[in-house]
$ cat input11.cif   # mmCIF, C-alpha atoms
data_entry
#
loop_
_atom_site.label_atom_id
_atom_site.label_comp_id
_atom_site.auth_asym_id
_atom_site.auth_seq_id
_atom_site.Cartn_x
_atom_site.Cartn_y
_atom_site.Cartn_z
CA MET W 76 98.79 49.48 162.05
CA ASP W 77 96.40 46.60 162.68
CA ARG W 78 96.64 43.70 160.21
CA ARG W 79 92.89 43.45 159.86
CA ASP W 80 92.81 47.00 158.53
CA PHE W 81 94.31 45.60 155.34
CA LEU W 82 91.75 42.88 154.76
CA LYS W 83 88.98 44.75 152.98
CA THR W 84 88.89 43.42 149.43
CA ALA W 85 90.00 45.83 146.72
CA ALA W 86 88.44 46.00 143.27
CA GLY W 87 90.69 44.46 140.63
CA SER W 88 90.75 46.93 137.76
CA ALA W 89 93.77 46.65 135.45
CA CYS W 90 94.15 50.35 134.65
CA LEU W 91 97.49 52.02 135.26
CA LEU W 92 97.81 54.65 137.97
CA SER W 93 100.61 57.04 138.72
CA MET W 94 102.18 57.12 142.16
CA SER W 95 100.57 60.51 142.70
CA ASN W 96 97.23 58.74 143.10
CA LEU W 97 98.30 56.78 146.16
CA ARG W 98 96.63 57.43 149.51
CA LEU W 99 98.58 57.80 152.73
CA GLY W 100 98.19 55.83 155.93
CA PHE W 101 100.33 55.77 159.09
CA GLU W 102 102.19 53.26 161.22
CA HIS W 103 102.75 53.87 164.90
CA GLY W 104 106.06 53.18 166.60
CA ASN W 105 108.29 54.34 169.41
CA THR W 106 109.30 57.44 167.50
CA GLY W 107 105.87 58.59 166.32
CA THR W 108 104.01 58.01 163.07
CA VAL W 109 105.48 56.99 159.73
CA PRO W 110 103.51 57.47 156.48
CA VAL W 111 102.79 54.56 154.16
CA ALA W 112 101.26 54.82 150.68
CA PHE W 113 98.22 52.65 149.93
CA PHE W 114 97.20 51.60 146.46
CA PRO W 115 93.75 52.99 145.70
CA GLU W 116 90.97 50.50 146.27
CA GLU W 117 89.53 51.12 142.81
CA ALA W 118 92.60 49.84 140.97
CA TRP W 119 95.25 47.14 140.94
CA ALA W 120 98.12 49.41 139.94
CA GLU W 121 100.98 48.08 137.84
CA THR W 122 103.87 50.51 137.74
CA PRO W 123 107.62 50.14 137.22
CA GLU W 124 108.03 50.14 141.00
CA VAL W 125 106.01 46.97 141.46
CA LEU W 126 106.13 44.95 138.22
CA HIS W 127 109.27 42.83 138.67
CA GLU W 128 110.58 39.79 136.81
CA ALA W 129 110.73 36.71 138.99
CA SER W 130 113.89 34.82 139.87
CA TYR W 131 114.33 31.04 139.66
CA TYR W 132 112.37 29.95 136.62
CA LYS W 133 113.12 28.66 133.17
CA LYS W 134 111.45 29.44 129.87
CA LEU W 135 109.95 26.57 127.90
CA GLU W 136 108.33 26.17 124.51
CA HIS W 137 105.00 27.78 123.63
CA LYS W 138 105.50 30.62 126.14
CA GLU W 139 105.30 28.21 129.07
CA VAL W 140 107.60 28.57 132.09
CA GLN W 141 108.61 26.34 134.98
CA CYS W 142 109.04 27.89 138.42
CA LEU W 143 112.14 26.68 140.29
CA LEU W 144 111.57 28.52 143.56
CA CYS W 145 109.83 25.83 145.62
CA PRO W 146 109.48 22.04 145.40
CA ARG W 147 106.19 22.32 143.51
CA LYS W 148 108.11 23.39 140.38
CA CYS W 149 104.90 24.68 138.85
CA MET W 150 104.50 24.46 135.08
CA VAL W 151 102.78 27.73 134.21
CA GLY W 152 101.13 28.52 130.89
CA ASP W 153 100.89 31.98 129.37
CA GLN W 154 98.57 34.29 131.36
CA GLU W 155 98.45 31.79 134.24
CA ARG W 156 99.86 31.85 137.79
CA GLY W 157 101.70 29.37 139.96
CA TYR W 158 100.17 27.67 142.98
CA CYS W 159 101.13 30.57 145.26
CA GLY W 160 98.96 32.98 143.26
CA VAL W 161 101.56 35.78 143.21
CA ARG W 162 103.76 34.79 140.26
CA GLU W 163 102.36 35.15 136.75
CA ASN W 164 103.48 34.15 133.27
CA ARG W 165 103.08 36.92 130.71
CA LEU W 166 104.04 35.93 127.19
CA GLY W 167 106.76 33.62 128.48
CA THR W 168 108.24 35.94 131.09
CA TYR W 169 107.52 35.16 134.73
CA TYR W 170 106.70 38.05 137.05
CA THR W 171 106.27 38.46 140.78
CA LEU W 172 103.15 40.52 141.47
CA VAL W 173 104.03 41.44 145.07
CA TYR W 174 107.36 43.22 144.70
CA ASN W 175 107.20 46.42 146.80
CA ARG W 176 103.58 45.46 147.60
CA PRO W 177 103.20 44.32 151.21
CA CYS W 178 99.72 44.02 152.64
CA THR W 179 100.87 44.50 156.23
CA ALA W 180 103.89 45.93 158.02
CA ARG W 181 104.28 46.83 161.69
CA PRO W 182 106.66 46.55 164.66
CA ASP W 183 106.31 43.37 166.74
CA PRO W 184 108.19 41.96 169.74
CA ILE W 185 110.77 39.48 168.48
CA GLU W 186 109.25 36.97 170.91
CA LYS W 187 106.06 36.97 168.82
CA LYS W 188 107.81 35.25 165.90
CA PRO W 189 108.76 33.41 168.18
CA PHE W 190 112.49 33.81 168.66
CA TYR W 191 113.59 33.14 172.25
CA HIS W 192 117.37 33.08 171.71
CA PHE W 193 117.73 36.06 169.38
CA HIS W 194 118.00 39.63 170.72
CA PRO W 195 115.29 39.28 173.38
CA ARG W 196 113.14 42.30 174.27
CA THR W 197 113.70 43.98 170.88
CA LEU W 198 111.32 44.95 168.09
CA ALA W 199 111.16 43.39 164.63
CA TYR W 200 109.64 45.34 161.76
CA SER W 201 107.31 42.63 160.47
CA LEU W 202 105.94 42.56 156.95
CA ALA W 203 104.14 40.23 154.57
CA THR W 204 102.60 40.10 151.14
CA ALA W 205 99.58 38.11 150.09
CA GLY W 206 100.02 34.47 149.04
CA CYS W 207 101.54 31.16 150.13
CA ASN W 208 102.90 28.00 148.51
CA MET W 209 101.09 25.76 151.00
CA ASN W 210 97.50 25.54 152.22
CA CYS W 211 97.53 24.61 155.91
CA LYS W 212 93.96 23.92 157.00
CA TYR W 213 94.59 25.65 160.33
CA CYS W 214 96.35 28.77 159.04
CA GLN W 215 95.83 31.67 161.44
CA ASN W 216 96.62 34.22 158.72
CA TRP W 217 94.48 32.65 156.00
CA GLU W 218 92.85 36.01 155.14
CA ILE W 219 96.12 37.12 153.53
CA SER W 220 97.96 33.84 152.88
CA GLN W 221 95.18 32.11 150.96
CA VAL W 222 94.24 34.98 148.65
CA ARG W 223 95.68 36.67 145.59
CA PRO W 224 97.37 40.05 145.98
CA GLU W 225 94.56 41.95 144.24
CA GLN W 226 92.13 40.69 146.89
CA VAL W 227 93.72 42.63 149.77
CA ARG W 228 94.77 46.21 150.36
CA ASN W 229 98.44 46.68 149.53
CA PHE W 230 100.74 49.63 149.95
CA LEU W 231 103.90 50.80 148.27
CA LEU W 232 107.03 50.07 150.30
CA THR W 233 110.38 49.93 148.52
CA ALA W 234 113.36 48.08 149.97
CA PRO W 235 115.26 51.26 150.97
CA ASP W 236 112.11 52.72 152.52
CA CYS W 237 111.54 49.51 154.47
CA ALA W 238 115.02 49.67 155.97
CA ARG W 239 114.55 53.34 156.85
CA ARG W 240 111.17 52.64 158.41
CA ALA W 241 112.60 49.85 160.56
CA ARG W 242 115.30 52.19 161.80
CA ASP W 243 112.85 55.04 162.46
CA LEU W 244 110.66 52.68 164.51
CA ASP W 245 113.62 51.50 166.63
CA CYS W 246 113.46 47.96 165.26
CA VAL W 247 116.60 45.86 165.65
CA SER W 248 115.48 43.51 162.88
CA ILE W 249 113.18 43.13 159.90
CA ALA W 250 111.01 40.01 160.01
CA TYR W 251 109.61 38.38 156.89
CA THR W 252 106.58 36.75 158.42
CA TYR W 253 102.78 36.21 158.65
CA THR W 254 102.56 34.55 155.21
CA GLU W 255 105.26 32.50 153.46
CA PRO W 256 108.19 34.80 152.60
CA VAL W 257 109.60 32.34 150.07
CA ILE W 258 106.87 33.43 147.64
CA TYR W 259 108.14 37.03 147.75
CA TRP W 260 111.79 35.97 147.54
CA GLU W 261 112.91 38.86 145.31
CA TYR W 262 111.37 41.49 147.56
CA MET W 263 112.72 39.86 150.71
CA TYR W 264 116.21 39.58 149.22
CA ASP W 265 116.36 43.25 148.21
CA ILE W 266 115.03 44.44 151.58
CA ALA W 267 117.54 42.22 153.38
CA ALA W 268 120.39 43.73 151.34
CA GLU W 269 119.25 47.26 152.27
CA ALA W 270 118.89 46.22 155.91
CA ARG W 271 122.48 44.95 155.92
CA LYS W 272 123.68 48.37 154.78
CA ALA W 273 121.71 49.99 157.60
CA GLU W 274 123.06 47.49 160.18
CA ILE W 275 119.58 46.06 160.74
CA LYS W 276 119.18 42.32 161.28
CA ASN W 277 117.08 40.05 159.04
CA VAL W 278 114.92 37.19 160.29
CA MET W 279 112.79 34.86 158.20
CA ILE W 280 109.73 33.02 159.52
CA SER W 281 109.01 30.24 157.05
CA ALA W 282 107.61 26.77 156.53
CA GLY W 283 110.87 25.87 154.79
CA PHE W 284 109.16 24.56 151.64
CA VAL W 285 111.79 25.92 149.27
CA GLU W 286 114.32 24.67 146.74
CA GLU W 287 117.97 24.43 147.75
CA LYS W 288 119.47 27.14 145.51
CA PRO W 289 117.09 29.98 146.43
CA LEU W 290 117.56 29.10 150.09
CA ARG W 291 121.35 29.01 149.88
CA ASP W 292 121.39 32.28 147.93
CA LEU W 293 119.29 33.98 150.61
CA LEU W 294 120.97 32.71 153.78
CA PRO W 295 124.06 34.98 153.66
CA LEU W 296 121.66 37.89 154.27
CA MET W 297 119.74 36.20 157.10
CA ASP W 298 120.67 36.48 160.79
CA ALA W 299 118.03 34.04 162.05
CA VAL W 300 115.40 31.68 160.64
CA LYS W 301 112.41 30.16 162.35
CA ILE W 302 110.91 27.13 160.62
CA ASP W 303 107.35 25.99 161.22
CA LEU W 304 107.78 22.23 161.18
CA LYS W 305 104.23 21.05 160.67
CA ALA W 306 104.69 17.40 161.63
CA PHE W 307 107.15 14.54 161.31
CA SER W 308 104.91 12.75 158.84
CA ASP W 309 104.74 13.12 155.07
CA LYS W 310 101.10 11.98 155.18
CA TYR W 311 100.24 14.92 157.45
CA TYR W 312 102.08 17.34 155.17
CA ARG W 313 100.19 16.13 152.11
CA GLU W 314 96.73 15.90 153.67
CA VAL W 315 96.72 18.84 156.09
CA CYS W 316 99.17 21.31 154.57
CA GLY W 317 99.37 20.54 150.87
CA GLY W 318 103.12 20.05 150.99
CA ARG W 319 105.84 17.46 151.59
CA LEU W 320 108.07 16.75 154.57
CA GLU W 321 111.40 15.86 152.95
CA PRO W 322 112.16 19.29 151.40
CA VAL W 323 111.55 20.90 154.79
CA LEU W 324 113.95 18.55 156.54
CA GLU W 325 116.56 19.32 153.89
CA ALA W 326 115.99 23.05 154.38
CA LEU W 327 116.53 22.67 158.13
CA LYS W 328 119.86 20.95 157.54
CA ILE W 329 120.95 23.62 155.05
CA ILE W 330 120.11 26.45 157.45
CA ARG W 331 121.99 24.78 160.29
CA GLU W 332 124.96 24.05 158.05
CA ALA W 333 125.07 27.72 156.99
CA GLY W 334 125.51 28.81 160.60
CA VAL W 335 122.37 30.97 160.64
CA TRP W 336 120.58 30.99 164.01
CA LEU W 337 117.70 28.50 163.84
CA GLU W 338 114.60 27.89 165.93
CA ILE W 339 111.71 25.49 165.26
CA VAL W 340 108.01 25.77 166.02
CA TYR W 341 105.82 22.67 166.10
CA LEU W 342 102.11 23.52 166.29
CA VAL W 343 100.46 20.61 168.09
CA LEU W 344 97.08 19.57 166.69
CA PRO W 345 95.19 17.11 168.91
CA THR W 346 95.06 13.57 167.45
CA LEU W 347 96.82 14.62 164.25
CA ASN W 348 100.51 15.21 165.04
CA ASP W 349 100.76 14.71 168.80
CA SER W 350 101.59 11.03 169.18
CA PRO W 351 104.49 10.30 171.56
CA ASP W 352 106.16 8.10 168.94
CA GLU W 353 106.14 10.90 166.37
CA ILE W 354 107.58 13.42 168.83
CA ARG W 355 110.19 10.90 169.95
CA ALA W 356 111.27 10.31 166.34
CA LEU W 357 111.24 14.05 165.60
CA SER W 358 113.35 14.87 168.64
CA ALA W 359 115.87 12.14 167.81
CA TRP W 360 116.15 13.50 164.27
CA ILE W 361 116.72 17.05 165.48
CA ARG W 362 119.40 15.93 167.92
CA LYS W 363 121.21 13.89 165.27
CA GLU W 364 120.90 16.23 162.27
CA LEU W 365 120.74 19.70 163.85
CA GLY W 366 122.16 19.26 167.33
CA PRO W 367 120.66 19.38 170.84
CA ASP W 368 120.83 23.17 171.19
CA VAL W 369 118.32 24.15 168.49
CA PRO W 370 115.30 25.51 170.39
CA ILE W 371 111.94 23.91 169.65
CA HIS W 372 108.60 25.44 170.61
CA PHE W 373 105.61 23.13 171.07
CA SER W 374 102.76 25.55 170.47
CA ARG W 375 99.11 25.29 171.37
CA PHE W 376 96.58 25.06 168.54
CA HIS W 377 93.43 27.18 168.61
CA PRO W 378 90.55 26.39 166.21
CA THR W 379 90.61 28.52 163.06
CA TYR W 380 90.18 28.55 159.27
CA LEU W 381 89.14 25.04 158.10
CA MET W 382 89.70 23.37 161.47
CA LYS W 383 87.24 25.15 163.71
CA LYS W 384 85.78 21.89 165.04
CA LEU W 385 89.07 20.59 166.38
CA PRO W 386 89.50 21.46 170.09
CA PRO W 387 92.42 23.52 171.43
CA THR W 388 95.49 21.53 172.37
CA PRO W 389 95.32 20.40 176.02
CA VAL W 390 98.12 22.00 178.01
CA ASP W 391 99.04 18.65 179.54
CA THR W 392 99.67 17.34 176.02
CA LEU W 393 102.21 20.11 175.44
CA GLU W 394 103.85 19.35 178.78
CA ARG W 395 104.07 15.66 177.90
CA LEU W 396 105.67 16.37 174.52
CA LYS W 397 108.14 18.76 176.13
CA LYS W 398 109.28 15.99 178.49
CA ILE W 399 109.67 13.55 175.60
CA ALA W 400 111.85 15.99 173.68
CA GLN W 401 113.99 16.64 176.74
CA THR W 402 114.35 12.91 177.37
CA GLU W 403 115.60 12.57 173.78
CA GLY W 404 118.34 15.09 174.58
CA LEU W 405 116.99 18.44 173.37
CA ARG W 406 118.15 21.14 175.76
CA TYR W 407 115.89 24.11 174.97
CA VAL W 408 112.26 23.01 174.69
CA TYR W 409 109.46 25.55 175.08
CA ILE W 410 105.69 25.62 175.39
CA GLY W 411 104.06 28.29 173.25
CA ASN W 412 100.65 29.99 173.01
CA VAL W 413 100.05 29.44 176.74
CA PRO W 414 100.86 32.86 178.29
CA GLY W 415 102.19 32.58 181.81
CA HIS W 416 103.18 28.93 181.56
CA PRO W 417 106.60 28.15 183.09
CA GLY W 418 107.51 26.47 179.79
CA GLU W 419 107.86 29.91 178.19
CA SER W 420 110.96 30.71 180.22
CA THR W 421 114.55 29.74 179.44
CA LEU W 422 116.29 27.59 182.04
CA CYS W 423 119.95 26.67 182.21
CA PRO W 424 120.17 22.99 181.18
CA GLU W 425 123.08 22.45 183.58
CA CYS W 426 122.09 24.10 186.87
CA GLY W 427 118.41 24.86 186.27
CA ALA W 428 118.70 28.62 186.90
CA ARG W 429 116.03 30.70 185.20
CA LEU W 430 117.92 32.67 182.59
CA ILE W 431 115.00 34.53 181.01
CA HIS W 432 111.54 34.88 182.51
CA ARG W 433 108.69 35.24 180.01
CA THR W 434 105.00 35.86 180.49
CA GLY W 435 103.66 36.37 177.00
CA TYR W 436 105.63 39.33 175.63
CA ASN W 437 106.68 40.49 179.08
CA VAL W 438 110.32 39.43 179.16
CA ARG W 439 112.86 39.82 181.95
CA LEU W 440 116.51 38.76 181.89
CA GLU W 441 117.45 37.06 185.15
CA ALA W 442 120.44 34.69 185.32
CA LEU W 443 121.65 35.38 181.77
CA GLN W 444 124.74 37.58 181.65
CA GLY W 445 125.89 38.21 178.13
CA ASP W 446 125.79 34.72 176.68
CA THR W 447 126.44 32.78 179.88
CA CYS W 448 124.59 31.53 182.94
CA LYS W 449 125.52 33.65 185.96
CA GLN W 450 125.28 30.68 188.31
CA CYS W 451 127.31 27.98 186.58
CA GLY W 452 129.05 29.76 183.70
CA LEU W 453 127.50 27.60 180.94
CA LYS W 454 127.56 29.31 177.54
CA ILE W 455 123.99 29.57 176.25
CA PRO W 456 123.59 29.25 172.45
CA GLY W 457 121.88 32.12 170.71
CA VAL W 458 122.45 35.71 169.59
CA TRP W 459 122.62 37.71 172.79
CA SER W 460 125.07 40.50 172.02
CA SER W 461 123.89 44.10 172.10
CA PRO W 462 122.56 45.18 168.71
#
$ encode --input "input11.cif" --output "structure tokens"
Amino acid sequence: MDRRDFLKTAAGSACLLSMSNLRLGFEHGNTGTVPVAFFPEEAWAETPEVLHEASYYKKLEHKEVQCLLCPRKCMVGDQERGYCGVRENRLGTYYTLVYNRPCTARPDPIEKKPFYHFHPRTLAYSLATAGCNMNCKYCQNWEISQVRPEQVRNFLLTAPDCARRARDLDCVSIAYTYTEPVIYWEYMYDIAAEARKAEIKNVMISAGFVEEKPLRDLLPLMDAVKIDLKAFSDKYYREVCGGRLEPVLEALKIIREAGVWLEIVYLVLPTLNDSPDEIRALSAWIRKELGPDVPIHFSRFHPTYLMKKLPPTPVDTLERLKKIAQTEGLRYVYIGNVPGHPGESTLCPECGARLIHRTGYNVRLEALQGDTCKQCGLKIPGVWSSP
């Protein structure tokens, strides 16, 4: 099901509707079509299936609450919402408004996330709800990340149904992606628990702007995490993304410490976060704090959202940053958003053999046998075992 099919704005009536009033749509996968139930456009339904008390907040005086999910720690008055737009205070009780309410869900290649060292050539059932706790001026999914849930079409998808759907569509994993999954923590956690029972993997695609306890509580259910590291500058985070750098660096260390497979994407914006000194400092930090084997993807920016006047990233800039990172000791450095570029493929850092050949989502295993290089026997870090 195409993501843009969900973007037509729904009217925001507050009347209650029974589940019998839901319309059906269909997703397409390897095993045929799977029905999904859409909320009617004429109403913003609130039923027991979707109205869910939030986790990680504390109640204060005068019916005020403080959210403890992300570093913003929003102070939220009665009848108000936090910065993310999907958590609302009602008479002193904080609710998530997107539980069981994704606005998109579909199978994707795992390489789209991107994960290059995690079950290559498999499908990930990818879902998102509306909302985000940051406001990146170049967000490619701004139509769903920078709106409230009642402004997009949502459909009913419970955690058990999500796990069943992933299995029926031959997906090895469920990916929490497109928007910021931290803001639908409760929904993600419950789906991940159901996925575990069904022997389906869980992968989170996040900006890492999250408090320590929610992150640590979630990680035992995660098999892989990809963090979008926006820059290695707090000034950039504040001015371009509406966030802060330090909590993200802490999240990266926590994920690595937990032993969950980790990959990093660094979207390169010309003149804003592409200086050689910044990339040199970033690469040195990764090597010291996370280790040389954490893959990093330097991805090409394309003008979108509030940055349509900035030009696309020159490919030679990406190539230059890749060389800097390798010089600083990082062993798996990729170039992203440039289909067909040699920098998409995985090479053995010892003998140079091409382990995995990639052209966009066309992926072919070459010198990788199990988790080792066929030519020199080097063990390649990642999750390569058969699902």
$ resolve_selection --input "input11.cif" --expression "the PyMOL selection byres ((chain W and resi 187) around 10)" --output "number ranges by chain"
W: 183-186, 188-191, 198-199, 411-412, 435-436
$ write_last_selection --input "input11.cif" --atoms "C-alpha atoms" --output "PDB file, in the frame of the given file"
ATOM      1  CA  ASP W 183     106.310  43.370 166.740  1.00  0.00           C
ATOM      2  CA  PRO W 184     108.190  41.960 169.740  1.00  0.00           C
ATOM      3  CA  ILE W 185     110.770  39.480 168.480  1.00  0.00           C
ATOM      4  CA  GLU W 186     109.250  36.970 170.910  1.00  0.00           C
ATOM      5  CA  LYS W 188     107.810  35.250 165.900  1.00  0.00           C
ATOM      6  CA  PRO W 189     108.760  33.410 168.180  1.00  0.00           C
ATOM      7  CA  PHE W 190     112.490  33.810 168.660  1.00  0.00           C
ATOM      8  CA  TYR W 191     113.590  33.140 172.250  1.00  0.00           C
ATOM      9  CA  LEU W 198     111.320  44.950 168.090  1.00  0.00           C
ATOM     10  CA  ALA W 199     111.160  43.390 164.630  1.00  0.00           C
ATOM     11  CA  GLY W 411     104.060  28.290 173.250  1.00  0.00           C
ATOM     12  CA  ASN W 412     100.650  29.990 173.010  1.00  0.00           C
ATOM     13  CA  GLY W 435     103.660  36.370 177.000  1.00  0.00           C
ATOM     14  CA  TYR W 436     105.630  39.330 175.630  1.00  0.00           C
TER      15      TYR W 436
END
$ resolve_selection --input "input11.cif" --expression "the PyMOL selection byres ((chain W and resi 168) around 12)" --output "PyMOL selection string"
chain W and resi 126-142+151-156+162-167+169-171
$ write_last_selection --input "input11.cif" --atoms "C-alpha atoms" --output "mmCIF file, in the frame of the given file"
data_model
loop_
_atom_site.group_PDB
_atom_site.id
_atom_site.type_symbol
_atom_site.label_atom_id
_atom_site.label_comp_id
_atom_site.auth_asym_id
_atom_site.auth_seq_id
_atom_site.Cartn_x
_atom_site.Cartn_y
_atom_site.Cartn_z
ATOM 1 C CA LEU W 126 106.130 44.950 138.220
ATOM 2 C CA HIS W 127 109.270 42.830 138.670
ATOM 3 C CA GLU W 128 110.580 39.790 136.810
ATOM 4 C CA ALA W 129 110.730 36.710 138.990
ATOM 5 C CA SER W 130 113.890 34.820 139.870
ATOM 6 C CA TYR W 131 114.330 31.040 139.660
ATOM 7 C CA TYR W 132 112.370 29.950 136.620
ATOM 8 C CA LYS W 133 113.120 28.660 133.170
ATOM 9 C CA LYS W 134 111.450 29.440 129.870
ATOM 10 C CA LEU W 135 109.950 26.570 127.900
ATOM 11 C CA GLU W 136 108.330 26.170 124.510
ATOM 12 C CA HIS W 137 105.000 27.780 123.630
ATOM 13 C CA LYS W 138 105.500 30.620 126.140
ATOM 14 C CA GLU W 139 105.300 28.210 129.070
ATOM 15 C CA VAL W 140 107.600 28.570 132.090
ATOM 16 C CA GLN W 141 108.610 26.340 134.980
ATOM 17 C CA CYS W 142 109.040 27.890 138.420
ATOM 18 C CA VAL W 151 102.780 27.730 134.210
ATOM 19 C CA GLY W 152 101.130 28.520 130.890
ATOM 20 C CA ASP W 153 100.890 31.980 129.370
ATOM 21 C CA GLN W 154 98.570 34.290 131.360
ATOM 22 C CA GLU W 155 98.450 31.790 134.240
ATOM 23 C CA ARG W 156 99.860 31.850 137.790
ATOM 24 C CA ARG W 162 103.760 34.790 140.260
ATOM 25 C CA GLU W 163 102.360 35.150 136.750
ATOM 26 C CA ASN W 164 103.480 34.150 133.270
ATOM 27 C CA ARG W 165 103.080 36.920 130.710
ATOM 28 C CA LEU W 166 104.040 35.930 127.190
ATOM 29 C CA GLY W 167 106.760 33.620 128.480
ATOM 30 C CA TYR W 169 107.520 35.160 134.730
ATOM 31 C CA TYR W 170 106.700 38.050 137.050
ATOM 32 C CA THR W 171 106.270 38.460 140.780
#
$ resolve_selection --input "input11.cif" --expression "the PyMOL selection byres ((chain W and resi 460) around 10)" --output "PyMOL selection string"
chain W and resi 193-195+445-446+457-459+461-462
$ write_last_selection --input "input11.cif" --atoms "C-alpha atoms" --output "mmCIF file, in the coordinates of the input"
data_model
loop_
_atom_site.group_PDB
_atom_site.id
_atom_site.type_symbol
_atom_site.label_atom_id
_atom_site.label_comp_id
_atom_site.auth_asym_id
_atom_site.auth_seq_id
_atom_site.Cartn_x
_atom_site.Cartn_y
_atom_site.Cartn_z
ATOM 1 C CA PHE W 193 117.730 36.060 169.380
ATOM 2 C CA HIS W 194 118.000 39.630 170.720
ATOM 3 C CA PRO W 195 115.290 39.280 173.380
ATOM 4 C CA GLY W 445 125.890 38.210 178.130
ATOM 5 C CA ASP W 446 125.790 34.720 176.680
ATOM 6 C CA GLY W 457 121.880 32.120 170.710
ATOM 7 C CA VAL W 458 122.450 35.710 169.590
ATOM 8 C CA TRP W 459 122.620 37.710 172.790
ATOM 9 C CA SER W 461 123.890 44.100 172.100
ATOM 10 C CA PRO W 462 122.560 45.180 168.710
#
$ atom_distance --input "input11.cif" --atom1 "CA of Ala234 (chain W)" --atom2 "CA of Asn208 (chain W)"
22.7 Å
$ atom_distance --input "input11.cif" --atom1 "CA of Ile361 (chain W)" --atom2 "CA of His377 (chain W)"
25.6 Å
$ residues_around --input "input11.cif" --residues "Ala306 (chain W)" --least-positions-apart "6" --cutoff "9 Å" --atoms "only C-alpha atoms" --output "short mmCIF file (atom, residue, chain, number, x, y, z; two decimals) with C-alpha atoms, in the coordinates of the input"
data_model
loop_
_atom_site.label_atom_id
_atom_site.label_comp_id
_atom_site.auth_asym_id
_atom_site.auth_seq_id
_atom_site.Cartn_x
_atom_site.Cartn_y
_atom_site.Cartn_z
CA TYR W 312 102.08 17.34 155.17
CA LEU W 320 108.07 16.75 154.57
CA TYR W 341 105.82 22.67 166.10
CA LEU W 342 102.11 23.52 166.29
CA VAL W 343 100.46 20.61 168.09
CA LEU W 347 96.82 14.62 164.25
CA ASN W 348 100.51 15.21 165.04
CA ASP W 349 100.76 14.71 168.80
CA GLU W 353 106.14 10.90 166.37
CA ILE W 354 107.58 13.42 168.83
CA LEU W 357 111.24 14.05 165.60
#
$ atom_distance --input "input11.cif" --atom1 "CA of Arg406 (chain W)" --atom2 "CA of Cys423 (chain W)"
8.7 Å
$ axis_aligned_box --input "input11.cif" --around "region 438-441 of chain W" --padding-each-side "3 Å" --output "lines of an AutoDock Vina configuration file"
center_x = 113.9
center_y = 38.4
center_z = 182.2
size_x = 13.1
size_y = 8.8
size_z = 12.0
$ closest_residue --input "input11.cif" --among "W:Asp243, W:Ile219, W:Thr252, W:Gly415" --to "Asn437 (chain W)" --atoms "only C-alpha atoms"
W:Gly415
$ residues_around --input "input11.cif" --residues "Tyr251 (chain W)" --least-positions-apart "6" --cutoff "8 Å" --atoms "all atoms listed in the file" --output "ChimeraX atom specification"
/W:201-203,263,277-280
$ closest_residue --input "input11.cif" --among "W:Met150, W:Trp217, W:Tyr174, W:Asn229" --to "Ile266 (chain W)" --atoms "only C-alpha atoms"
W:Tyr174
$ closest_residue --input "input11.cif" --among "W:Asp236, W:Glu255, W:Asp309, W:Asp303" --to "Ser374 (chain W)" --atoms "all atoms listed in the file"
W:Asp303
$ residues_around --input "input11.cif" --residues "Cys426 (chain W)" --least-positions-apart "2" --cutoff "8 Å" --atoms "all atoms listed in the file" --output "VMD selection string"
chain W and resid 423 to 424 428 450 to 451
$ residues_around --input "input11.cif" --residues "Glu287 (chain W)" --least-positions-apart "6" --cutoff "10 Å" --atoms "all atoms listed in the file" --output "list in words"
Leu143, Leu144, Cys145, Pro146, Pro322, Glu325, Ala326 and Ile329 of chain W
$ closest_residue --input "input11.cif" --among "W:Gly157, W:Pro387, W:Gly318, W:Gly404" --to "Arg362 (chain W)" --atoms "only C-alpha atoms"
W:Gly404
$ decode --input "input11.cif" --residues "region 401-424 of chain W" --atoms "C-alpha atoms" --output "tab-separated table (two decimals), in the first residue's frame"
chain	number	residue	atom	x	y	z
W	401	GLN	CA	38.14	5.14	6.69
W	402	THR	CA	41.35	7.03	7.46
W	403	GLU	CA	40.07	7.46	11.02
W	404	GLY	CA	39.77	3.67	11.29
W	405	LEU	CA	36.11	2.93	10.51
W	406	ARG	CA	35.95	-0.34	8.59
W	407	TYR	CA	32.45	-0.34	7.06
W	408	VAL	CA	31.67	3.03	5.48
W	409	TYR	CA	28.94	3.32	2.86
W	410	ILE	CA	27.58	5.87	0.41
W	411	GLY	CA	23.79	6.03	0.38
W	412	ASN	CA	21.08	7.47	-1.89
W	413	VAL	CA	23.34	7.08	-4.95
W	414	PRO	CA	22.04	3.88	-6.62
W	415	GLY	CA	24.74	2.01	-8.47
W	416	HIS	CA	27.65	3.67	-6.69
W	417	PRO	CA	30.41	1.23	-5.66
W	418	GLY	CA	30.14	2.66	-2.14
W	419	GLU	CA	26.88	0.76	-1.67
W	420	SER	CA	28.66	-2.59	-1.65
W	421	THR	CA	30.34	-4.31	1.29
W	422	LEU	CA	34.05	-5.01	0.90
W	423	CYS	CA	36.26	-7.10	3.15
W	424	PRO	CA	38.44	-4.63	5.09
